[in-house]
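Next up, protein-v2.txt (compact mmCIF, C-alpha atoms and all ligand atoms):
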# COMPACT_ATOMS: atom_id res chain seq x y z
CA MET A 1 13.42 18.09 -4.31
CA SER A 2 11.69 15.68 -6.66
CA LEU A 3 10.40 12.21 -5.88
CA ALA A 4 13.42 10.78 -7.68
CA GLN A 5 15.58 11.99 -4.79
CA SER A 6 13.23 10.70 -2.07
CA PRO A 7 15.37 8.93 0.56
CA LEU A 8 12.50 6.54 1.30
CA LEU A 9 12.01 5.46 -2.32
CA SER A 10 15.80 5.23 -2.76
CA VAL A 11 16.05 2.72 0.08
CA TYR A 12 13.02 0.74 -1.11
CA LYS A 13 14.69 0.54 -4.55
CA LYS A 14 18.10 -0.38 -3.09
CA GLN A 15 19.72 2.88 -4.13
CA THR A 16 21.84 5.11 -1.87
CA PRO A 17 19.69 7.63 0.01
CA THR A 18 20.79 11.16 0.94
CA ARG A 19 19.84 10.31 4.52
CA ARG A 20 18.28 7.44 6.47
CA PRO A 21 14.53 7.69 5.83
CA ILE A 22 12.08 7.72 8.74
CA TRP A 23 8.31 7.21 8.93
CA PHE A 24 6.18 5.73 11.69
CA MET A 25 3.22 3.40 11.40
CA ARG A 26 0.07 5.16 12.69
CA GLN A 27 1.88 8.48 12.43
CA ALA A 28 -1.60 9.98 11.94
CA GLY A 29 -3.74 9.20 14.95
CA ARG A 30 -5.03 9.80 18.43
CA TYR A 31 -1.71 10.91 19.98
CA LEU A 32 -2.13 14.13 17.94
CA PRO A 33 -4.56 16.72 19.38
CA GLU A 34 -5.38 17.98 15.88
CA TYR A 35 -6.43 14.42 14.91
CA ARG A 36 -8.60 14.11 18.03
CA GLU A 37 -10.24 17.40 17.12
CA ILE A 38 -11.31 16.06 13.73
CA ARG A 39 -12.42 12.76 15.22
CA ALA A 40 -14.50 14.53 17.88
CA LYS A 41 -16.75 15.79 15.09
CA ASN A 42 -16.48 12.85 12.67
CA SER A 43 -16.68 9.08 13.15
CA MET A 44 -13.74 6.90 12.10
CA LEU A 45 -15.61 5.72 8.99
CA LYS A 46 -16.71 9.24 8.07
CA THR A 47 -13.10 10.45 8.41
CA ILE A 48 -11.89 7.64 6.13
CA GLN A 49 -14.74 8.07 3.64
CA THR A 50 -14.40 11.86 3.23
CA PRO A 51 -11.39 12.47 0.95
CA LYS A 52 -10.68 15.95 2.32
CA LEU A 53 -10.71 14.74 5.93
CA ALA A 54 -8.62 11.65 5.16
CA ALA A 55 -6.12 13.83 3.28
CA GLU A 56 -6.02 16.39 6.10
CA VAL A 57 -5.39 13.71 8.74
CA THR A 58 -2.67 12.14 6.56
CA LEU A 59 -0.93 15.51 6.28
CA GLN A 60 -1.13 16.44 9.99
CA PRO A 61 1.99 14.54 11.12
CA LEU A 62 3.94 15.87 8.09
CA ARG A 63 3.32 19.43 9.26
CA ARG A 64 4.79 18.69 12.68
CA PHE A 65 7.56 16.21 11.95
CA ASP A 66 10.38 15.69 9.49
CA PHE A 67 9.05 12.36 8.13
CA ASP A 68 10.20 10.99 4.77
CA GLY A 69 6.85 9.52 3.78
CA ALA A 70 3.11 9.80 4.37
CA ILE A 71 0.87 6.76 4.79
CA ILE A 72 -2.64 7.40 3.57
CA PHE A 73 -5.26 7.55 6.29
CA ALA A 74 -7.65 4.60 6.02
CA ASP A 75 -7.91 1.22 7.70
CA ILE A 76 -7.25 -2.32 6.56
CA LEU A 77 -10.91 -3.18 7.21
CA ASN A 78 -13.05 -0.51 5.50
CA PRO A 79 -12.42 -1.94 1.99
CA LEU A 80 -14.26 -5.09 3.14
CA ILE A 81 -17.54 -3.18 3.22
CA GLY A 82 -17.64 -3.43 -0.58
CA MET A 83 -17.34 -7.23 -0.34
CA GLY A 84 -20.53 -7.33 1.73
CA ILE A 85 -19.02 -7.16 5.24
CA ASN A 86 -20.89 -4.83 7.61
CA LEU A 87 -18.57 -3.19 10.07
CA ASP A 88 -17.95 -0.23 12.27
CA PHE A 89 -15.21 1.10 14.53
CA VAL A 90 -16.61 1.13 18.03
CA GLU A 91 -15.22 3.77 20.39
CA LYS A 92 -12.73 2.25 22.90
CA GLU A 93 -13.43 -1.28 21.58
CA GLY A 94 -12.02 -1.29 18.06
CA PRO A 95 -13.41 -2.74 14.87
CA LYS A 96 -16.59 -4.83 14.96
CA ILE A 97 -18.02 -6.96 12.14
CA PHE A 98 -21.76 -7.52 12.38
CA ASN A 99 -22.03 -10.40 9.86
CA PRO A 100 -18.91 -12.51 10.44
CA ILE A 101 -18.18 -15.43 8.17
CA GLN A 102 -19.40 -18.70 9.69
CA PHE A 103 -20.19 -21.02 6.80
CA PRO A 104 -18.83 -21.70 3.31
CA ALA A 105 -21.97 -20.06 1.88
CA ASP A 106 -20.90 -16.81 3.54
CA VAL A 107 -17.68 -16.93 1.51
CA SER A 108 -19.58 -17.68 -1.71
CA ALA A 109 -21.73 -14.60 -1.08
CA LEU A 110 -18.71 -12.26 -0.89
CA LYS A 111 -18.35 -9.88 -3.80
CA ILE A 112 -15.12 -8.81 -5.47
CA PRO A 113 -15.84 -5.15 -6.11
CA ASP A 114 -14.09 -2.67 -8.33
CA PRO A 115 -12.04 -0.42 -5.97
CA THR A 116 -13.07 2.66 -7.95
CA GLN A 117 -16.61 1.82 -6.78
CA SER A 118 -15.90 0.44 -3.28
CA VAL A 119 -13.16 2.81 -2.05
CA PRO A 120 -13.24 5.87 -4.37
CA TYR A 121 -12.72 8.09 -1.31
CA THR A 122 -9.31 6.57 -0.47
CA LEU A 123 -8.18 6.87 -4.08
CA GLU A 124 -9.23 10.50 -4.13
CA ALA A 125 -7.51 11.15 -0.78
CA ILE A 126 -4.29 9.65 -2.20
CA SER A 127 -4.46 12.00 -5.21
CA LEU A 128 -4.98 14.99 -2.92
CA VAL A 129 -2.07 14.11 -0.65
CA ALA A 130 0.24 13.17 -3.54
CA SER A 131 -0.39 16.48 -5.31
CA GLU A 132 0.59 18.33 -2.16
CA LEU A 133 3.59 16.20 -1.10
CA ASN A 134 5.13 14.87 -4.30
CA PRO A 135 6.39 18.31 -5.41
CA LYS A 136 8.25 18.43 -2.06
CA GLY A 137 9.82 15.05 -2.83
CA ILE A 138 7.72 13.21 -0.22
CA PRO A 139 6.07 9.99 -1.38
CA VAL A 140 2.67 8.66 -0.34
CA LEU A 141 2.35 5.07 0.81
CA GLY A 142 -0.76 3.05 0.07
CA PHE A 143 -1.60 -0.12 1.98
CA CYS A 144 -3.92 -3.04 2.54
CA GLY A 145 -4.37 -5.83 5.06
CA ALA A 146 -2.91 -9.24 4.24
CA PRO A 147 -5.40 -11.99 3.33
CA PHE A 148 -4.75 -13.92 6.58
CA THR A 149 -5.15 -10.91 8.87
CA LEU A 150 -8.29 -9.74 7.05
CA ALA A 151 -9.74 -13.27 7.24
CA SER A 152 -9.12 -13.23 10.99
CA TYR A 153 -11.36 -10.16 11.41
CA MET A 154 -13.95 -11.47 8.95
CA ILE A 155 -14.28 -14.78 10.80
CA GLU A 156 -13.73 -13.67 14.42
CA GLY A 157 -15.99 -10.62 13.99
CA GLY A 158 -13.39 -8.32 15.55
CA GLY A 159 -10.05 -8.44 17.32
CA SER A 160 -9.25 -11.78 19.01
CA HIS A 161 -6.52 -13.04 21.27
CA SER A 162 -6.80 -16.68 20.26
CA LEU A 163 -8.08 -16.86 16.67
CA THR A 164 -10.15 -19.90 17.75
CA LYS A 165 -12.91 -19.39 15.17
CA LEU A 166 -10.42 -18.62 12.41
CA LYS A 167 -8.47 -21.83 13.11
CA ARG A 168 -11.66 -23.90 13.23
CA PHE A 169 -12.72 -22.54 9.84
CA MET A 170 -9.23 -22.84 8.34
CA PHE A 171 -8.86 -26.48 9.48
CA SER A 172 -12.36 -27.75 8.76
CA GLU A 173 -13.40 -25.80 5.65
CA LYS A 174 -10.35 -26.13 3.42
CA ASP A 175 -12.17 -25.32 0.16
CA ALA A 176 -13.99 -22.32 1.60
CA TRP A 177 -10.72 -21.11 3.18
CA ASN A 178 -9.00 -21.28 -0.19
CA ASP A 179 -11.95 -19.55 -1.82
CA LEU A 180 -11.84 -16.78 0.78
CA GLN A 181 -8.09 -16.29 0.33
CA GLY A 182 -8.51 -16.30 -3.45
CA LYS A 183 -11.24 -13.66 -3.36
CA LEU A 184 -9.22 -11.47 -1.01
CA VAL A 185 -6.11 -11.74 -3.19
CA GLU A 186 -8.02 -10.76 -6.30
CA TYR A 187 -9.61 -7.75 -4.59
CA LEU A 188 -6.43 -6.64 -2.78
CA VAL A 189 -4.32 -6.72 -5.94
CA ARG A 190 -6.89 -4.49 -7.65
CA TYR A 191 -7.02 -2.24 -4.59
CA LEU A 192 -3.23 -1.83 -4.40
CA LEU A 193 -2.98 -1.16 -8.13
CA ALA A 194 -5.75 1.45 -7.90
CA GLN A 195 -3.82 3.15 -5.09
CA VAL A 196 -0.69 3.22 -7.25
CA GLN A 197 -2.69 4.69 -10.11
CA ALA A 198 -4.04 7.36 -7.75
CA GLY A 199 -0.50 8.38 -6.76
CA ALA A 200 0.93 5.96 -4.18
CA SER A 201 4.68 5.48 -4.68
CA ALA A 202 4.94 2.34 -2.52
CA VAL A 203 2.46 -0.01 -0.87
CA GLN A 204 2.57 -1.92 2.41
CA VAL A 205 0.72 -5.13 3.24
CA PHE A 206 -0.12 -5.43 6.96
CA ASP A 207 -0.12 -8.97 8.40
CA THR A 208 -0.55 -8.19 12.09
CA TRP A 209 -1.92 -11.60 13.15
CA VAL A 210 0.26 -13.98 11.10
CA GLY A 211 2.33 -14.80 14.20
CA TYR A 212 -0.53 -17.06 15.35
CA VAL A 213 0.27 -19.82 12.84
CA SER A 214 2.96 -22.50 12.99
CA PRO A 215 5.60 -22.66 10.25
CA ASP A 216 3.85 -25.66 8.69
CA GLN A 217 0.46 -23.93 8.84
CA PHE A 218 2.06 -20.88 7.24
CA ALA A 219 3.28 -23.02 4.35
CA LYS A 220 -0.15 -24.63 3.87
CA TYR A 221 -2.68 -21.92 4.59
CA VAL A 222 -0.98 -18.53 4.27
CA GLN A 223 2.05 -18.49 2.00
CA PRO A 224 0.27 -19.41 -1.27
CA SER A 225 -2.00 -16.36 -1.12
CA LEU A 226 0.86 -13.99 -0.23
CA ASP A 227 2.93 -15.39 -3.09
CA LEU A 228 0.07 -14.93 -5.53
CA LEU A 229 -0.73 -11.43 -4.29
CA VAL A 230 2.82 -10.19 -4.89
CA LYS A 231 3.22 -12.00 -8.23
CA GLU A 232 -0.05 -10.59 -9.57
CA PHE A 233 0.75 -7.09 -8.30
CA LYS A 234 4.17 -7.24 -9.94
CA GLN A 235 2.66 -8.16 -13.29
CA TYR A 236 1.20 -4.66 -13.47
CA SER A 237 3.40 -2.47 -11.28
CA ASP A 238 7.04 -2.04 -10.32
CA VAL A 239 6.22 0.09 -7.29
CA PRO A 240 7.92 -1.29 -4.14
CA ILE A 241 5.71 -3.61 -2.09
CA ILE A 242 6.46 -4.02 1.62
CA TYR A 243 5.38 -6.82 3.97
CA PHE A 244 4.79 -5.97 7.62
CA SER A 245 4.36 -8.76 10.17
CA THR A 246 4.52 -9.04 13.94
CA SER A 247 5.58 -11.90 16.25
CA SER A 248 6.84 -13.61 13.12
CA ARG A 249 10.39 -14.58 14.09
CA GLY A 250 9.68 -18.30 13.78
CA LEU A 251 8.18 -17.74 10.34
CA PHE A 252 10.92 -15.49 9.03
CA PRO A 253 12.86 -18.24 7.21
CA GLN A 254 9.71 -18.60 5.07
CA ILE A 255 8.62 -14.96 5.03
CA SER A 256 12.05 -13.87 3.82
CA LYS A 257 11.61 -16.04 0.71
CA LEU A 258 8.38 -14.29 -0.32
CA PRO A 259 8.71 -12.04 -3.38
CA PHE A 260 8.07 -8.78 -1.46
CA ASP A 261 10.64 -6.01 -2.04
CA VAL A 262 10.95 -4.91 1.59
CA PHE A 263 10.29 -6.50 4.99
CA SER A 264 9.08 -4.50 7.97
CA ILE A 265 9.62 -6.24 11.31
CA ASP A 266 8.70 -5.70 14.94
CA TRP A 267 11.06 -5.40 17.93
CA ARG A 268 10.74 -9.05 18.95
CA MET A 269 13.25 -9.91 16.22
CA LYS A 270 16.66 -8.36 15.66
CA LEU A 271 17.23 -6.54 12.36
CA THR A 272 20.50 -8.45 12.06
CA ASP A 273 18.66 -11.80 12.28
CA ALA A 274 16.14 -10.66 9.66
CA ALA A 275 19.02 -9.49 7.43
CA SER A 276 20.78 -12.84 7.60
CA LEU A 277 17.64 -14.46 6.15
CA SER A 278 16.39 -11.82 3.73
CA VAL A 279 19.94 -11.34 2.38
CA ASP A 280 20.07 -8.05 0.49
CA LYS A 281 16.46 -6.89 0.70
CA PRO A 282 15.72 -3.54 2.36
CA LEU A 283 14.47 -3.79 5.95
CA GLN A 284 12.19 -1.48 7.88
CA GLY A 285 11.78 -1.15 11.63
CA ASN A 286 11.88 -1.82 14.49
CA LEU A 287 11.78 0.44 17.55
CA ASP A 288 9.39 -0.76 20.26
CA PRO A 289 6.64 1.92 20.27
CA GLU A 290 6.58 1.73 24.08
CA ALA A 291 10.14 3.06 24.06
CA LEU A 292 8.58 6.40 23.11
CA ALA A 293 7.12 6.49 26.64
CA ALA A 294 10.47 5.71 28.29
CA PRO A 295 12.71 8.29 30.01
CA LYS A 296 14.73 10.15 27.34
CA GLU A 297 17.99 8.40 28.21
CA ILE A 298 16.39 4.99 27.76
CA LEU A 299 14.64 6.05 24.54
CA LYS A 300 18.07 7.13 23.22
CA GLU A 301 19.52 3.72 24.14
CA GLU A 302 16.64 1.93 22.42
CA ILE A 303 17.13 4.00 19.26
CA GLN A 304 20.90 3.43 19.41
CA SER A 305 20.39 -0.30 19.58
CA VAL A 306 18.17 -0.25 16.46
CA LEU A 307 20.81 1.85 14.67
CA ASN A 308 23.60 -0.49 15.82
CA ASP A 309 21.72 -3.46 14.38
CA ALA A 310 21.10 -1.50 11.18
CA LYS A 311 24.83 -0.72 10.71
CA GLY A 312 25.58 -3.70 8.52
CA ILE A 313 22.30 -3.41 6.60
CA PRO A 314 22.76 -1.50 3.35
CA HIS A 315 19.11 -0.46 2.95
CA HIS A 316 17.28 0.46 6.15
CA VAL A 317 14.19 2.55 6.87
CA PHE A 318 13.81 3.67 10.48
CA ASN A 319 10.28 2.86 11.69
CA LEU A 320 8.53 1.49 14.74
CA GLY A 321 7.90 -2.22 15.21
CA HIS A 322 4.16 -1.46 15.34
CA GLY A 323 1.91 1.62 15.32
CA ILE A 324 2.11 4.71 17.56
CA LEU A 325 -0.38 4.29 20.40
CA PRO A 326 -2.72 6.96 21.77
CA HIS A 327 -0.88 7.30 25.13
CA LEU A 328 2.35 8.42 23.41
CA THR A 329 3.12 12.10 22.99
CA PRO A 330 3.96 14.22 19.92
CA GLU A 331 7.03 15.45 21.86
CA SER A 332 8.40 11.91 22.16
CA VAL A 333 7.92 11.39 18.42
CA SER A 334 9.83 14.55 17.51
CA PHE A 335 12.53 13.72 20.08
CA ALA A 336 12.93 10.25 18.54
CA ILE A 337 13.22 11.65 15.01
CA ASP A 338 15.84 14.19 16.16
CA CYS A 339 17.78 11.41 17.90
CA VAL A 340 17.92 9.26 14.77
CA ARG A 341 19.03 12.21 12.64
CA SER A 342 21.74 13.33 15.10
CA MET A 343 23.04 9.82 15.84
CA ASP A 344 23.30 9.23 12.09
CA SER A 345 25.25 12.43 11.45
CA ARG A 346 27.83 11.74 14.17
O1 LIG B 401 -0.54 3.98 9.81
C1 LIG B 401 -1.31 4.91 9.56
O2 LIG B 401 -1.18 6.05 10.08
C2 LIG B 401 -2.38 4.74 8.50
C3 LIG B 401 -3.68 4.41 8.98
C4 LIG B 401 -3.96 3.04 9.55
C5 LIG B 401 -4.96 2.82 10.52
N1 LIG B 401 -5.08 1.48 10.69
C6 LIG B 401 -5.77 3.86 11.15
C7 LIG B 401 -6.52 3.53 12.37
C8 LIG B 401 -3.42 1.80 9.20
C9 LIG B 401 -2.28 1.46 8.26
C10 LIG B 401 -4.16 0.83 9.94
C11 LIG B 401 -3.91 -0.60 9.80
C12 LIG B 401 -4.61 -1.53 10.68
N2 LIG B 401 -5.91 -1.46 11.14
C13 LIG B 401 -4.07 -2.77 11.12
C14 LIG B 401 -2.69 -3.29 10.76
C15 LIG B 401 -1.62 -2.61 11.53
C16 LIG B 401 -1.74 -2.76 13.02
O3 LIG B 401 -1.87 -1.73 13.67
O4 LIG B 401 -1.65 -3.89 13.51
C17 LIG B 401 -5.02 -3.40 11.91
C18 LIG B 401 -4.89 -4.74 12.61
C19 LIG B 401 -6.18 -2.58 11.90
C20 LIG B 401 -7.50 -2.84 12.55
C21 LIG B 401 -7.82 -1.82 13.55
N3 LIG B 401 -8.22 -0.53 13.22
C22 LIG B 401 -7.85 -1.95 14.94
C23 LIG B 401 -7.48 -3.21 15.71
C24 LIG B 401 -8.27 -0.73 15.46
C25 LIG B 401 -8.58 -0.42 16.90
C26 LIG B 401 -7.36 -0.26 17.71
C27 LIG B 401 -7.03 1.19 17.80
O5 LIG B 401 -5.87 1.56 17.60
O6 LIG B 401 -7.97 1.95 18.14
C28 LIG B 401 -8.46 0.16 14.38
C29 LIG B 401 -8.87 1.58 14.43
C30 LIG B 401 -7.91 2.56 13.84
N4 LIG B 401 -7.30 2.43 12.62
C31 LIG B 401 -7.55 3.81 14.39
C32 LIG B 401 -6.67 4.42 13.49
C33 LIG B 401 -6.03 5.78 13.61
C34 LIG B 401 -8.08 4.40 15.68
C35 LIG B 401 -9.40 5.00 15.35
C36 LIG B 401 -9.79 6.16 16.22
O7 LIG B 401 -10.41 5.91 17.26
O8 LIG B 401 -9.49 7.30 15.85
Would you write out, as structure tokens, the structure that this file holds?
Ligand code: CP3
Amino acid sequence: MSLAQSPLLSVYKKQTPTRRPIWFMRQAGRYLPEYREIRAKNSMLKTIQTPKLAAEVTLQPLRRFDFDGAIIFADILNPLIGMGINLDFVEKEGPKIFNPIQFPADVSALKIPDPTQSVPYTLEAISLVASELNPKGIPVLGFCGAPFTLASYMIEGGGSHSLTKLKRFMFSEKDAWNDLQGKLVEYLVRYLLAQVQAGASAVQVFDTWVGYVSPDQFAKYVQPSLDLLVKEFKQYSDVPIIYFSTSSRGLFPQISKLPFDVFSIDWRMKLTDAASLSVDKPLQGNLDPEALAAPKEILKEEIQSVLNDAKGIPHHVFNLGHGILPHLTPESVSFAIDCVRSMDSR
């Protein structure tokens, strides 16, 4: 099979796929013993920054499961190191930024690096994975964080459940906020294009924390940078660009008008509601990852309800509403994939 017949790329390009494509966010990760084995000997950053390791980890789930795509192993945060952000992934705590942005001068000091200098390892890992998978007709997905979600880590210094510091900065330092968003957009566009050049056949923008803003705040502080990011990307590439957001039901009337090609949604919103707003754009989602830990009968019901909602949607990619978590099992993932395939063929 060649990439031209890839069911995933067919759906992203609004063509008719040979079957409903499936991939899962965080399909490479701690729920896989072979991933934990690599991570036991290598830190998160070392795994990301060593092309062979990143490629190996990306390929692990493809060896076990019948997925229709591979997302390159990296994180949304490591590219920020090249801008001057010092960070690490702390065991059991998550990402930590040691020099968070506090003042406008901190934004002025941020660099906009050339991705071939700042993230050569991810580009090389993409080439390695693409050369192995593309001949089998399996595409590689590149990705980046969205400007808002990245700003939240840069300002909060790590994960936050209130975004208090981010809101304070966003409200009181309008010029610096715009400058920060502008710098991120410029860098992210270059980063996504470099990933495409390295062999990515689609790219996904992760906006995990966007659900923290009101619709009016979205219009003022978030939407302009997303609009610009997609428009600039599309000037140089026609590769499909996907927008993933969570807890974003109240924002979806606005999100659905953004120039992204595909929208990936979480389980808090029905696919049918997203479809009524995004009209004929392909949709991706939206099984609750916790359903993978449910008794098999319930997991089947949860999958059936996603497929029922997807019935009237001409272009649908089966995915989770968020990433696979470490407490889930490889068995539940393969059971879920089998369920989707068999329910579809009935
Ligand atoms: O989807 C994939 O398989 C590709 C790899 C990928 C990772 N992170 C690997 C990772 C992707 C696409 C991401 C995106 C990411 N990273 C997001 C957006 C999507 C989302 O999940 O909301 C966010 C917000 C981050 C930031 C981040 N990275 C957090 C909050 C954490 C800690 C939480 C956790 O799961 O441990 C990470 C670490 C991280 N990124 C891990 C992985 C596999 C776990 C690292 C480990 O201990 O092995």
Expected selection as a compact mmCIF listing (two decimals) with C-alpha atoms, in the coordinates of the input for ligand LIG 401 (chain B) within 8 Å, all atoms listed in the file:
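Resulting contents of out-v9.txt:
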# COMPACT_ATOMS: atom_id res chain seq x y z
CA PHE A 24 6.18 5.73 11.69
CA MET A 25 3.22 3.40 11.40
CA ARG A 26 0.07 5.16 12.69
CA GLN A 27 1.88 8.48 12.43
CA ALA A 28 -1.60 9.98 11.94
CA GLY A 29 -3.74 9.20 14.95
CA ARG A 30 -5.03 9.80 18.43
CA TYR A 35 -6.43 14.42 14.91
CA ARG A 36 -8.60 14.11 18.03
CA ARG A 39 -12.42 12.76 15.22
CA SER A 43 -16.68 9.08 13.15
CA MET A 44 -13.74 6.90 12.10
CA THR A 58 -2.67 12.14 6.56
CA ILE A 71 0.87 6.76 4.79
CA ILE A 72 -2.64 7.40 3.57
CA PHE A 73 -5.26 7.55 6.29
CA ALA A 74 -7.65 4.60 6.02
CA ASP A 75 -7.91 1.22 7.70
CA ILE A 76 -7.25 -2.32 6.56
CA LEU A 77 -10.91 -3.18 7.21
CA PHE A 89 -15.21 1.10 14.53
CA VAL A 90 -16.61 1.13 18.03
CA GLU A 91 -15.22 3.77 20.39
CA LYS A 92 -12.73 2.25 22.90
CA GLU A 93 -13.43 -1.28 21.58
CA GLY A 94 -12.02 -1.29 18.06
CA PRO A 95 -13.41 -2.74 14.87
CA PHE A 143 -1.60 -0.12 1.98
CA CYS A 144 -3.92 -3.04 2.54
CA GLY A 145 -4.37 -5.83 5.06
CA THR A 149 -5.15 -10.91 8.87
CA GLY A 158 -13.39 -8.32 15.55
CA GLY A 159 -10.05 -8.44 17.32
CA PHE A 206 -0.12 -5.43 6.96
CA ASP A 207 -0.12 -8.97 8.40
CA THR A 208 -0.55 -8.19 12.09
CA TRP A 209 -1.92 -11.60 13.15
CA HIS A 322 4.16 -1.46 15.34
CA GLY A 323 1.91 1.62 15.32
CA LEU A 325 -0.38 4.29 20.40
CA PRO A 326 -2.72 6.96 21.77
### Query
Using only C-alpha atoms, which residue out of A:Pro282, A:Pro224, A:Pro139, A:Pro104 lies closest to Ser6 of chain A?
A:Pro139
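When all atoms listed in the file are used to compute distances to Ser342 of chain A, the closest of the residues A:Gly137, A:Ile48, A:Ala125, A:Arg20 turns out to be A:Arg20.
One finds atom CA of Pro33 of chain A at 14.2 Å from atom CA of Phe65 of chain A.
Candidate residues A:Leu150, A:Ala294, A:Leu251, A:Leu62 were compared for distance to Ala274 of chain A, and the nearest is A:Leu251, using all atoms listed in the file.
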Using only C-alpha atoms, which residues sit within 7 Å of Ile97 of chain A once same-chain residues fewer than 4 positions away are excluded, as a short mmCIF file (atom, residue, chain, number, x, y, z; two decimals) with C-alpha atoms, keeping the file's coordinate frame?
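After the write, result-v2.cif holds the following:
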data_model
loop_
_atom_site.label_atom_id
_atom_site.label_comp_id
_atom_site.auth_asym_id
_atom_site.auth_seq_id
_atom_site.Cartn_x
_atom_site.Cartn_y
_atom_site.Cartn_z
CA ILE A 85 -19.02 -7.16 5.24
CA ASN A 86 -20.89 -4.83 7.61
CA LEU A 87 -18.57 -3.19 10.07
CA ASP A 88 -17.95 -0.23 12.27
CA MET A 154 -13.95 -11.47 8.95
CA GLY A 157 -15.99 -10.62 13.99
CA GLY A 158 -13.39 -8.32 15.55
#
### Task
May I have the residues within 8 Å of Leu180 of chain A as a count of residues only, using all atoms listed in the file and disregarding those fewer than 4 positions away in the same chain?
4
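Using all atoms listed in the file, the protein and nucleic acid residues lying no more than 7 Å from segment 110-121 of chain A, apart from those fewer than 6 places from it along its own chain, are Gln49, Thr50, Pro51, Pro79, Gly82, Met83, Gly84, Lys183, Tyr187, Arg190, Tyr191 and Ala194 of chain A.
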### Message
As an exercise, work out the distance from atom CA of Leu45 of chain A to atom CA of Val196 of chain A in Å and give it to one decimal place.
### Response
22.2 Å
### Who sits within 10 Å of Pro330 of chain A, only C-alpha atoms, same chain under 5 positions skipped, as a VMD selection string
chain A and resid 27 31 to 33 61 64 to 65 292 324 335 to 336
## Note on the structure
re atom CA of Ala40 of chain A and atom CA of Val57 of chain A: distance 12.9 Å
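Shortest separation to Ile298 of chain A among A:Ser332, A:Gly312, A:Leu271, A:Ile242 occurs at residue A:Ser332, atoms counted being all atoms listed in the file.
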### Query
Hey, what's within 8 Å of Gln195 of chain A if we count all atoms listed in the file and toss same-chain stuff fewer than 2 positions away? As a VMD selection string, please?
chain A and resid 122 to 123 126 142 191 to 193 197 to 200
### Query
In terms of the shortest atom-to-atom distance over only C-alpha atoms, which of A:Glu186, A:Asp266, A:Ser248, A:Asn99 is closest to Ile81 of chain A?
A:Asn99
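With distances restricted to all atoms listed in the file, A:Leu287 is the closest residue to Gly321 of chain A from A:Val213, A:Ile255, A:Leu287, A:Met1.
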### Sel. within 10 Å of pt (13.4, 14.1, -2.0), counting only C-alpha atoms, output as number ranges by chain
A: 1-10, 17-19, 68-69, 134-139
Keeping only C-alpha atoms, write the selected residues as a CSV table (one decimal), keeping the file's coordinate frame.
chain,number,residue,atom,x,y,z
A,1,MET,CA,13.4,18.1,-4.3
A,2,SER,CA,11.7,15.7,-6.7
A,3,LEU,CA,10.4,12.2,-5.9
A,4,ALA,CA,13.4,10.8,-7.7
A,5,GLN,CA,15.6,12.0,-4.8
A,6,SER,CA,13.2,10.7,-2.1
A,7,PRO,CA,15.4,8.9,0.6
A,8,LEU,CA,12.5,6.5,1.3
A,9,LEU,CA,12.0,5.5,-2.3
A,10,SER,CA,15.8,5.2,-2.8
A,17,PRO,CA,19.7,7.6,0.0
A,18,THR,CA,20.8,11.2,0.9
A,19,ARG,CA,19.8,10.3,4.5
A,68,ASP,CA,10.2,11.0,4.8
A,69,GLY,CA,6.8,9.5,3.8
A,134,ASN,CA,5.1,14.9,-4.3
A,135,PRO,CA,6.4,18.3,-5.4
A,136,LYS,CA,8.2,18.4,-2.1
A,137,GLY,CA,9.8,15.0,-2.8
A,138,ILE,CA,7.7,13.2,-0.2
A,139,PRO,CA,6.1,10.0,-1.4
